[in-house]
$ cat data_30.txt   # compact mmCIF, C-alpha atoms and all ligand atoms
# COMPACT_ATOMS: atom_id res chain seq x y z
CA MET L 26 -14.31 -5.16 18.41
CA ALA L 27 -10.92 -3.84 17.30
CA ARG L 28 -10.78 -0.06 17.47
CA ASN L 29 -8.35 2.78 16.93
CA PRO L 30 -6.56 4.23 19.97
CA GLU L 31 -8.56 7.22 21.22
CA VAL L 32 -6.65 10.41 21.88
CA VAL L 33 -7.51 13.74 23.53
CA ILE L 34 -5.28 16.72 22.70
CA ILE L 35 -4.66 19.32 25.40
CA ASP L 36 -3.14 22.51 24.01
CA PRO L 37 -4.03 26.17 24.67
CA ASP L 38 -3.12 27.05 21.05
CA LEU L 39 -6.21 26.50 18.85
CA ASP L 40 -4.22 26.31 15.62
CA VAL L 41 -1.72 23.76 16.90
CA ARG L 42 -4.55 21.62 18.26
CA ALA L 43 -6.43 21.64 14.95
CA GLU L 44 -3.28 20.86 12.95
CA LEU L 45 -2.29 18.00 15.24
CA LYS L 46 -5.82 16.57 15.12
CA ARG L 47 -5.71 16.56 11.31
CA THR L 48 -2.29 14.91 11.26
CA LEU L 49 -3.25 12.17 13.69
CA GLU L 50 -6.51 11.34 12.00
CA VAL L 51 -4.73 10.46 8.76
CA GLY L 52 -3.20 7.58 10.69
CA THR L 53 -4.94 5.08 12.91
CA PHE L 54 -5.93 7.40 15.74
CA THR L 55 -9.34 8.70 16.67
CA VAL L 56 -9.15 12.14 18.26
CA THR L 57 -12.16 12.20 20.57
CA GLY L 58 -11.58 15.63 22.06
CA VAL L 59 -9.44 18.76 22.22
CA ALA L 60 -9.21 21.12 25.18
CA ASP L 61 -7.35 23.93 26.90
CA TYR L 62 -5.44 23.37 30.15
CA GLY L 63 -7.09 23.14 33.56
CA ILE L 64 -10.71 22.31 34.23
CA GLU L 65 -11.56 22.16 30.53
CA ALA L 66 -9.01 19.36 30.15
CA VAL L 67 -10.38 17.50 33.17
CA THR L 68 -13.98 17.81 31.94
CA VAL L 69 -13.07 16.40 28.53
CA ALA L 70 -11.04 13.65 30.25
CA GLN L 71 -14.08 12.57 32.23
CA GLU L 72 -16.45 12.76 29.30
CA ARG L 73 -14.27 10.96 26.78
CA SER L 74 -12.06 8.52 28.76
CA PRO L 75 -9.44 8.26 26.00
CA ASP L 76 -6.52 5.83 25.86
CA VAL L 77 -4.01 8.67 25.67
CA PHE L 78 -3.76 12.40 26.45
CA LEU L 79 -1.37 14.40 24.31
CA VAL L 80 -0.44 17.46 26.36
CA SER L 81 1.49 20.49 25.12
CA MET L 82 4.08 21.95 27.52
CA GLU L 83 5.75 25.33 26.91
CA GLU L 84 7.17 28.13 29.07
CA PRO L 85 5.81 29.02 31.60
CA VAL L 86 5.32 25.34 32.38
CA ALA L 87 3.34 25.62 35.63
CA ARG L 88 -0.13 25.34 34.05
CA ALA L 89 0.87 22.38 31.90
CA LEU L 90 2.36 20.55 34.89
CA GLN L 91 -0.71 21.26 37.01
CA THR L 92 -2.95 19.95 34.19
CA ILE L 93 -0.89 16.76 33.85
CA GLU L 94 -1.33 16.11 37.58
CA MET L 95 -5.08 16.83 37.40
CA LEU L 96 -5.49 14.48 34.43
CA GLY L 97 -3.64 11.75 36.30
CA SER L 98 -6.13 11.96 39.19
CA ALA L 99 -9.19 12.36 36.94
CA ASN L 100 -8.43 9.39 34.71
CA SER L 101 -5.83 7.05 36.12
CA THR L 102 -5.93 4.54 33.24
CA ALA L 103 -5.12 6.85 30.31
CA ALA L 104 -1.47 7.47 29.45
CA ILE L 105 -0.17 11.05 29.27
CA VAL L 106 2.28 11.94 26.50
CA VAL L 107 3.81 15.44 26.56
CA TYR L 108 4.98 17.32 23.46
CA SER L 109 7.20 20.35 23.80
CA SER L 110 9.91 22.49 22.28
CA LEU L 111 11.81 22.44 25.60
CA SER L 112 14.66 19.99 25.23
CA ASP L 113 16.46 20.42 28.55
CA ALA L 114 16.65 17.50 30.95
CA ALA L 115 14.99 19.47 33.78
CA SER L 116 11.80 20.06 31.74
CA VAL L 117 11.61 16.41 30.70
CA ARG L 118 12.10 15.34 34.30
CA ARG L 119 9.42 17.69 35.63
CA ALA L 120 6.89 16.40 33.09
CA MET L 121 7.64 12.78 33.97
CA VAL L 122 7.44 13.45 37.72
CA ALA L 123 4.03 15.14 37.18
CA GLY L 124 2.81 11.92 35.55
CA ALA L 125 3.81 11.90 31.84
CA ARG L 126 4.65 8.50 30.34
CA ASP L 127 6.55 9.86 27.34
CA TYR L 128 7.98 13.17 26.11
CA LEU L 129 8.04 14.11 22.43
CA MET L 130 9.98 16.96 20.89
CA LYS L 131 8.33 19.48 18.59
CA PRO L 132 7.79 19.56 15.64
CA ILE L 133 5.63 16.57 16.42
CA LYS L 134 5.49 13.86 13.76
CA PRO L 135 2.72 11.28 13.49
CA GLU L 136 5.26 8.44 13.56
CA ASP L 137 6.59 9.71 16.93
CA VAL L 138 3.07 9.73 18.34
CA SER L 139 2.41 6.24 16.93
CA ARG L 140 5.58 4.86 18.46
CA ALA L 141 4.88 6.47 21.83
CA VAL L 142 1.21 5.47 21.98
CA PHE L 143 1.64 1.92 20.73
CA GLY L 144 4.69 1.50 22.98
CA ILE L 145 2.62 2.50 26.01
CA LEU L 146 -0.39 0.38 25.01
CA GLU L 147 1.87 -2.67 24.51
CA GLN L 148 3.50 -2.05 27.88
CA GLU L 149 0.03 -1.89 29.48
CA GLU L 150 -0.89 -5.11 27.72
CA ARG L 151 2.23 -6.88 29.03
CA LYS L 152 1.39 -5.63 32.52
CA ARG L 153 -2.15 -6.97 32.29
CA ILE L 154 -0.87 -10.39 31.21
CA HIS L 155 1.74 -10.31 33.96
CA VAL L 156 -0.80 -9.68 36.73
CA GLY L 157 -2.46 -12.93 35.69
CA SER L 158 -5.52 -11.88 33.76
CA ASP L 159 -6.63 -14.24 31.01
CA VAL L 160 -3.29 -15.13 29.43
CA SER L 161 -4.79 -17.24 26.62
CA GLU L 162 -6.83 -14.33 25.27
CA PRO L 163 -4.61 -11.30 24.63
CA VAL L 164 -6.41 -7.98 24.17
CA ALA L 165 -3.99 -6.73 21.50
CA ARG L 166 -5.25 -6.90 17.95
CA GLY L 167 -3.67 -5.84 14.66
CA THR L 168 -5.12 -3.04 12.54
CA THR L 169 -7.83 -4.12 10.10
CA VAL L 170 -8.09 -2.09 6.89
CA THR L 171 -10.97 -2.81 4.51
CA ILE L 172 -10.53 -1.68 0.90
CA PHE L 173 -14.05 -0.82 -0.15
CA GLY L 174 -15.67 0.81 -3.16
CA ALA L 175 -19.11 1.11 -4.66
CA LYS L 176 -18.12 -0.16 -8.09
CA GLY L 177 -16.10 -2.85 -9.83
CA GLY L 178 -12.93 -2.12 -11.77
CA ILE L 179 -11.79 0.94 -9.80
CA GLY L 180 -8.53 -0.51 -8.46
CA LYS L 181 -9.52 -2.04 -5.10
CA THR L 182 -7.53 -5.24 -5.62
CA THR L 183 -4.58 -3.30 -7.06
CA ILE L 184 -4.55 -1.15 -3.91
CA ALA L 185 -5.10 -4.09 -1.52
CA THR L 186 -2.24 -6.21 -2.93
CA ASN L 187 0.15 -3.29 -3.15
CA LEU L 188 -0.71 -1.80 0.24
CA ALA L 189 -0.16 -5.20 1.91
CA THR L 190 3.20 -5.53 0.16
CA ALA L 191 4.20 -1.92 0.92
CA LEU L 192 3.40 -2.41 4.62
CA VAL L 193 5.74 -5.42 4.75
CA ARG L 194 8.45 -3.47 2.93
CA THR L 195 8.21 -0.31 5.03
CA THR L 196 7.64 -1.83 8.47
CA GLY L 197 8.61 -5.51 8.30
CA ALA L 198 5.23 -6.13 9.98
CA ASN L 199 3.17 -9.33 9.76
CA VAL L 200 0.56 -8.55 7.14
CA VAL L 201 -2.29 -10.81 6.03
CA LEU L 202 -4.27 -10.07 2.88
CA VAL L 203 -7.79 -11.49 2.91
CA ASP L 204 -9.65 -11.89 -0.39
CA MET L 205 -13.29 -11.18 0.39
CA ASP L 206 -14.26 -10.55 -3.23
CA THR L 207 -17.35 -12.73 -3.16
CA ARG L 208 -17.63 -12.68 -6.95
CA PHE L 209 -14.28 -12.94 -8.71
CA GLY L 210 -11.55 -13.18 -6.07
CA ASP L 211 -8.63 -11.72 -8.06
CA VAL L 212 -5.96 -11.60 -5.35
CA ALA L 213 -4.59 -15.05 -6.27
CA ILE L 214 -4.13 -13.92 -9.88
CA MET L 215 -2.60 -10.56 -9.02
CA MET L 216 -0.17 -12.19 -6.59
CA ASP L 217 0.33 -15.26 -8.80
CA ILE L 218 -0.40 -17.93 -6.21
CA ALA L 219 -2.09 -21.33 -6.40
CA VAL L 220 -5.23 -21.72 -4.26
CA GLU L 221 -5.33 -24.92 -2.27
CA THR L 222 -7.41 -23.94 0.71
CA SER L 223 -9.62 -20.88 0.74
CA ILE L 224 -11.55 -18.76 3.18
CA ALA L 225 -14.58 -21.02 2.60
CA ASP L 226 -12.64 -24.11 3.82
CA LEU L 227 -11.52 -22.10 6.81
CA GLY L 228 -15.08 -20.99 7.56
CA ARG L 229 -16.17 -24.60 7.91
CA ARG L 230 -13.43 -25.37 10.46
CA VAL L 231 -13.12 -22.05 12.22
CA GLU L 232 -14.53 -23.24 15.55
CA GLU L 233 -11.62 -25.70 15.93
CA LEU L 234 -8.93 -23.11 15.16
CA ASP L 235 -6.90 -20.70 17.23
CA ARG L 236 -4.55 -17.86 16.32
CA GLU L 237 -1.65 -20.27 15.67
CA SER L 238 -3.40 -23.12 13.83
CA ILE L 239 -5.19 -20.69 11.47
CA LYS L 240 -1.76 -19.90 9.98
CA ASP L 241 -1.64 -23.38 8.41
CA TYR L 242 -4.39 -22.24 6.04
CA LEU L 243 -2.58 -19.15 4.82
CA VAL L 244 -0.33 -18.88 1.78
CA ARG L 245 3.08 -17.32 2.37
CA HIS L 246 3.91 -15.11 -0.62
CA HIS L 247 7.51 -14.32 -1.64
CA THR L 248 6.89 -10.63 -0.83
CA GLY L 249 6.43 -11.62 2.83
CA VAL L 250 2.66 -11.00 2.69
CA THR L 251 0.48 -13.83 3.98
CA ILE L 252 -2.65 -14.48 1.93
CA LEU L 253 -6.04 -15.98 2.68
CA PRO L 254 -7.45 -16.57 -0.82
CA ALA L 255 -11.06 -16.53 -1.96
CA PRO L 256 -12.55 -19.84 -3.11
CA LEU L 257 -11.96 -20.70 -6.76
CA HIS L 258 -15.68 -21.05 -7.31
CA PRO L 259 -17.96 -18.20 -6.16
CA THR L 260 -20.78 -20.63 -5.21
CA GLU L 261 -18.61 -21.77 -2.27
CA TRP L 262 -19.27 -18.41 -0.60
CA ARG L 263 -22.87 -19.53 0.01
CA SER L 264 -21.82 -21.61 3.01
CA VAL L 265 -19.84 -18.76 4.64
CA THR L 266 -21.60 -16.83 7.42
CA PRO L 267 -20.91 -13.37 8.92
CA GLN L 268 -20.16 -15.09 12.25
CA GLN L 269 -17.44 -17.18 10.59
CA ILE L 270 -15.93 -14.06 8.99
CA GLU L 271 -15.97 -12.28 12.32
CA ARG L 272 -14.16 -15.17 14.00
CA ILE L 273 -11.63 -15.54 11.15
CA ILE L 274 -10.76 -11.83 11.20
CA ASP L 275 -10.50 -11.84 14.97
CA LEU L 276 -8.10 -14.82 14.94
CA LEU L 277 -6.03 -13.23 12.16
CA ALA L 278 -5.94 -9.93 14.08
CA GLN L 279 -4.49 -11.76 17.10
CA GLY L 280 -1.48 -12.95 15.09
CA HIS L 281 -0.89 -10.17 12.54
CA ASP L 282 -0.07 -6.47 12.73
CA TYR L 283 -2.24 -5.64 9.71
CA ILE L 284 -5.23 -7.35 8.12
CA ILE L 285 -5.92 -5.95 4.65
CA ILE L 286 -9.31 -6.97 3.26
CA ASP L 287 -10.15 -6.79 -0.45
CA THR L 288 -13.86 -6.55 -1.31
CA PRO L 289 -15.99 -6.80 -4.48
CA GLY L 290 -17.86 -3.95 -6.13
CA THR L 291 -21.09 -5.32 -4.67
CA PHE L 292 -22.50 -5.27 -1.18
CA ASN L 293 -23.73 -8.16 0.99
CA GLU L 294 -23.83 -9.12 4.65
CA LEU L 295 -20.30 -10.58 4.61
CA ILE L 296 -18.94 -7.28 3.31
CA ALA L 297 -21.00 -5.42 5.95
CA THR L 298 -19.13 -7.51 8.56
CA THR L 299 -15.73 -6.50 7.14
CA LEU L 300 -16.77 -2.83 7.33
CA GLU L 301 -17.97 -3.18 10.88
CA LEU L 302 -14.75 -4.88 12.02
CA ALA L 303 -12.41 -2.47 10.22
CA ASN L 304 -10.30 0.08 12.07
CA MET L 305 -9.99 1.90 8.79
CA ILE L 306 -11.98 1.80 5.57
CA LEU L 307 -10.30 2.98 2.37
CA LEU L 308 -13.28 4.10 0.33
CA VAL L 309 -11.92 3.95 -3.20
CA THR L 310 -13.40 5.97 -6.03
CA SER L 311 -12.29 6.51 -9.58
CA MET L 312 -12.78 9.88 -11.27
CA ASP L 313 -15.74 9.15 -13.56
CA ILE L 314 -19.23 10.46 -12.88
CA ALA L 315 -20.74 6.99 -12.32
CA SER L 316 -18.14 6.16 -9.69
CA ILE L 317 -18.64 9.49 -7.88
CA LYS L 318 -22.40 8.98 -7.86
CA ASP L 319 -22.00 5.45 -6.46
CA THR L 320 -19.47 6.72 -3.89
CA ALA L 321 -22.02 9.29 -2.69
CA LEU L 322 -24.44 6.41 -2.09
CA ALA L 323 -21.75 4.39 -0.34
CA LEU L 324 -21.01 7.32 2.01
CA GLU L 325 -24.72 7.63 2.73
CA MET L 326 -24.93 3.92 3.49
CA LEU L 327 -21.90 4.06 5.82
CA ARG L 328 -23.46 7.01 7.64
CA ALA L 329 -26.78 5.17 7.98
CA ALA L 330 -24.90 2.17 9.40
CA GLN L 331 -23.32 4.61 11.91
CA VAL L 332 -19.78 3.87 10.79
CA SER L 333 -17.63 6.61 12.34
CA GLU L 334 -16.37 9.12 9.75
CA ASP L 335 -12.94 9.01 11.41
CA LYS L 336 -12.57 5.52 10.02
CA VAL L 337 -13.51 6.27 6.42
CA LYS L 338 -10.65 7.61 4.29
CA LEU L 339 -11.76 8.66 0.83
CA THR L 340 -9.14 7.58 -1.71
CA ILE L 341 -9.17 8.68 -5.34
CA ASN L 342 -7.63 6.18 -7.72
CA HIS L 343 -7.10 7.41 -11.27
CA SER L 344 -7.74 3.96 -12.68
CA THR L 345 -8.38 5.45 -16.11
CA SER L 346 -6.50 8.30 -17.75
CA SER L 347 -9.65 10.36 -18.41
CA ASN L 348 -9.51 13.71 -16.67
CA SER L 349 -12.96 15.21 -17.00
CA LEU L 350 -13.35 15.92 -13.27
CA ARG L 351 -11.12 17.82 -10.88
CA GLU L 352 -10.38 16.52 -7.40
CA GLU L 353 -11.86 19.71 -5.88
CA ASP L 354 -15.13 18.91 -7.67
CA VAL L 355 -15.13 15.45 -6.13
CA GLU L 356 -14.70 16.87 -2.63
CA ARG L 357 -17.41 19.46 -3.24
CA VAL L 358 -19.92 16.98 -4.66
CA LEU L 359 -19.30 14.34 -2.01
CA GLU L 360 -18.89 16.89 0.82
CA TYR L 361 -16.01 14.73 2.01
CA THR L 362 -12.27 15.29 2.27
CA VAL L 363 -10.01 13.26 0.03
CA THR L 364 -7.27 11.67 2.19
CA TRP L 365 -5.24 9.86 -0.47
CA ARG L 366 -4.74 10.19 -4.22
CA ILE L 367 -3.31 7.52 -6.48
CA PRO L 368 -2.29 8.69 -9.97
CA HIS L 369 -2.87 6.88 -13.23
CA ASP L 370 0.11 4.77 -14.25
CA TYR L 371 0.39 2.58 -17.31
CA ASN L 372 2.78 0.23 -15.42
CA VAL L 373 -0.12 -1.07 -13.30
CA ALA L 374 -1.74 -3.23 -15.97
CA ASN L 375 1.56 -4.86 -16.81
CA SER L 376 2.51 -5.69 -13.24
CA ASN L 377 -1.02 -6.98 -12.47
CA GLN L 378 -0.77 -9.28 -15.46
CA LEU L 379 2.66 -10.53 -14.43
CA GLY L 380 1.33 -11.23 -10.94
CA ILE L 381 3.97 -9.01 -9.28
CA PRO L 382 2.79 -6.07 -7.12
CA ILE L 383 3.96 -2.80 -8.65
CA VAL L 384 5.60 -1.75 -5.37
CA ILE L 385 8.05 -4.63 -6.04
CA ALA L 386 8.13 -4.63 -9.84
CA LYS L 387 8.55 -0.84 -10.23
CA PRO L 388 9.07 0.67 -6.78
CA TYR L 389 9.62 4.16 -8.18
CA ALA L 390 6.57 4.18 -10.46
CA ARG L 391 4.01 6.85 -9.52
CA VAL L 392 1.44 4.37 -8.25
CA ALA L 393 4.03 2.47 -6.21
CA ARG L 394 5.13 5.68 -4.50
CA ALA L 395 1.55 6.76 -3.80
CA VAL L 396 0.66 3.41 -2.20
CA THR L 397 3.92 3.38 -0.25
CA ASP L 398 2.97 6.82 1.12
CA ILE L 399 -0.29 5.32 2.40
CA ALA L 400 1.68 2.53 4.08
CA TYR L 401 3.92 5.09 5.81
CA ALA L 402 0.92 7.16 6.92
CA LEU L 403 -0.84 4.08 8.28
CA SER L 404 2.13 2.66 10.13
CA GLY L 405 3.95 5.81 11.19
CA ALA L 406 7.20 4.04 10.22
CA PRO L 407 10.17 6.38 9.68
CA ARG L 408 11.03 6.91 6.02
CA GLU L 409 14.12 5.34 4.59
CA ARG L 410 16.12 7.92 2.65
CA LYS L 411 17.43 6.67 -0.70
CA GLY L 412 20.36 8.24 -2.53
CA PHE L 413 19.96 9.83 -5.92
CA LEU L 414 21.83 7.04 -7.74
CA GLU L 415 19.77 4.32 -6.10
CA ARG L 416 16.54 6.11 -7.01
CA PHE L 417 17.74 6.66 -10.53
CA LEU L 418 18.72 3.01 -10.99
CA GLY L 419 15.45 1.86 -9.42
CA ARG L 420 13.48 3.96 -11.88
CA ALA L 421 15.51 2.87 -14.84
CA GLY L 422 15.25 -0.84 -13.89
N1 LIG J 501 -3.80 3.80 -10.73
C1 LIG J 501 -4.00 3.02 -11.80
N2 LIG J 501 -3.39 3.32 -12.99
C2 LIG J 501 -3.61 2.58 -14.08
N3 LIG J 501 -4.40 1.48 -14.12
C3 LIG J 501 -5.03 1.12 -12.97
C4 LIG J 501 -4.86 1.86 -11.76
N4 LIG J 501 -5.59 1.26 -10.80
C5 LIG J 501 -6.19 0.19 -11.36
N5 LIG J 501 -5.86 0.11 -12.66
C6 LIG J 501 -6.36 -0.88 -13.63
O1 LIG J 501 -7.78 -0.92 -13.49
C7 LIG J 501 -8.27 -2.24 -13.64
C8 LIG J 501 -9.11 -2.62 -12.44
O2 LIG J 501 -8.29 -2.74 -11.31
P1 LIG J 501 -8.66 -3.74 -10.11
O3 LIG J 501 -8.88 -5.12 -10.60
O4 LIG J 501 -7.63 -3.52 -9.04
O5 LIG J 501 -10.05 -3.11 -9.68
P2 LIG J 501 -11.14 -3.69 -8.64
O6 LIG J 501 -11.81 -2.50 -8.06
O7 LIG J 501 -10.51 -4.65 -7.73
O8 LIG J 501 -12.14 -4.43 -9.63
P3 LIG J 501 -13.24 -5.57 -9.22
O9 LIG J 501 -14.28 -4.90 -8.39
O10 LIG J 501 -13.75 -6.04 -10.53
O11 LIG J 501 -12.51 -6.61 -8.45
C9 LIG J 501 -7.05 -3.14 -13.85
O12 LIG J 501 -6.90 -3.38 -15.22
C10 LIG J 501 -5.88 -2.30 -13.33
O13 LIG J 501 -4.70 -2.63 -14.03
MG MG J 502 -10.96 -6.65 -7.29

$ encode --input "data_30.txt" --output "structure tokens"
Amino acid sequence: MARNPEVVIIDPDLDVRAELKRTLEVGTFTVTGVADYGIEAVTVAQERSPDVFLVSMEEPVARALQTIEMLGSANSTAAIVVYSSLSDAASVRRAMVAGARDYLMKPIKPEDVSRAVFGILEQEERKRIHVGSDVSEPVARGTTVTIFGAKGGIGKTTIATNLATALVRTTGANVVLVDMDTRFGDVAIMMDIAVETSIADLGRRVEELDRESIKDYLVRHHTGVTILPAPLHPTEWRSVTPQQIERIIDLLAQGHDYIIIDTPGTFNELIATTLELANMILLVTSMDIASIKDTALALEMLRAAQVSEDKVKLTINHSTSSNSLREEDVERVLEYTVTWRIPHDYNVANSNQLGIPIVIAKPYARVARAVTDIAYALSGAPRERKGFLERFLGRAG
């Protein structure tokens, strides 16, 4: 199953550790442990076997260097990435000689960590292929994000279509949007595409397909997003099995950087499969009492299904303009941290009706900026800085 890279943070400073853990967990990392230098680091290394160690190195550097060497012998497969405020060549060299694979300068940004970690994991992957392991079955998989919510009409499809588009715009990545709304399947309408073949047709033929031939069934949208539409008629879902969905998502994940899955406001075994396969679940809630109550039940259900909390990012979407609840109340009632907030924006209805994602139609609208922020957080891509005039013209247009 696809999973997030697992990271252990080694830093003697408790505050820095906690802050870095919070920052990384907003993205696609799972922080499985934090520790001080020395034996504590080695113990955590043996218990957790992460993909990457992030190790702080400051003056005096002896303890950090000794820890890096100990980690290398305790867990030879994990990569060690050092972060430091020391920018001189001698410090960098000493860290690398001790066994570090990369060296990041403080203040440490999530996008730097993403680049370093994914760079190392890709390099490892290339090495594995090179030494002649199974070349036809690469281990690398894209990141699967399931947009989930306990209710209909709370903005799941709006978020799914716009997040997919924003990811293409911010990263140039290969993004596939899968419409798993087993009732209405609105993606085709919101992206204004004609449905010729759907996920149900694909399900029937999935055993004959591989990661290249599956692309013939996808619709290429002018935004650059690739779409796998839902069937036009909901009864066609009856022939689709969880095993088919698992295989389809796996094949898509072999050929795309991101798989964004839209879901209905109801729950069934196909949706359970999309939650199980996701690296990240955006649990969307609107701000009305009914939605909060249903979200509490959804959180309970995810816990009962043993879905890791690291994966579940609570996202408030102000799909209506009513303001009876405060976001603090939502966090208190749900006992869950809100990761992302999407404001109410009257431009959404218009762009949904036109079939143009708002991140394209009105890139500077409040909703477009909020969804673009999620895309940056997910991908760790560096932000493009726009000049005042360009922003002004974009907003006016
Ligand atoms: N942030 C927002 N600001 C203003 N309107 C919004 C916002 N988000 C969603 N909407 C509006 O809310 C309505 C429902 O949105 P959407 O279809 O994306 O929800 P959904 O959760 O996918 O619904 P369903 O479960 O029925 O598929 C649409 O009319 C959309 O224009
Ligand atoms: Mg929808």

$ residues_near_ligand --input "data_30.txt" --ligand "ligand LIG 501 (chain J)" --cutoff "9 Å" --atoms "all atoms listed in the file" --output "VMD selection string"
chain L and resid 173 to 186 206 208 to 212 215 287 to 291 309 to 311 342 to 346 367 to 378 391 to 392

$ closest_residue --input "data_30.txt" --among "L:Ile383, L:Leu129, L:Ala395, L:Ala213" --to "ligand MG 502 (chain J)" --atoms "all atoms listed in the file"
L:Ala213

$ closest_atom_pairs --input "data_30.txt" --of "region 166-237 of chain L" --to "region 48-53 of chain L" --cutoff "12 Å" --atoms "all atoms listed in the file" --output "JSON lines"
{"residue": "L:Gly167", "atom": "CA", "partner": "L:Thr53", "partner_atom": "CA", "distance": 11.1}
{"residue": "L:Thr168", "atom": "CA", "partner": "L:Thr53", "partner_atom": "CA", "distance": 8.1}
{"residue": "L:Thr169", "atom": "CA", "partner": "L:Thr53", "partner_atom": "CA", "distance": 10.0}
{"residue": "L:Val170", "atom": "CA", "partner": "L:Thr53", "partner_atom": "CA", "distance": 9.9}

$ atom_distance --input "data_30.txt" --atom1 "CA of Ile252 (chain L)" --atom2 "CA of Phe54 (chain L)"
26.1 Å

$ residues_around --input "data_30.txt" --residues "region 229-244 of chain L" --least-positions-apart "4" --cutoff "9 Å" --atoms "all atoms listed in the file" --output "PyMOL selection string"
chain L and resi 201+218-225+250-254+264-265+269+272-273+275-280
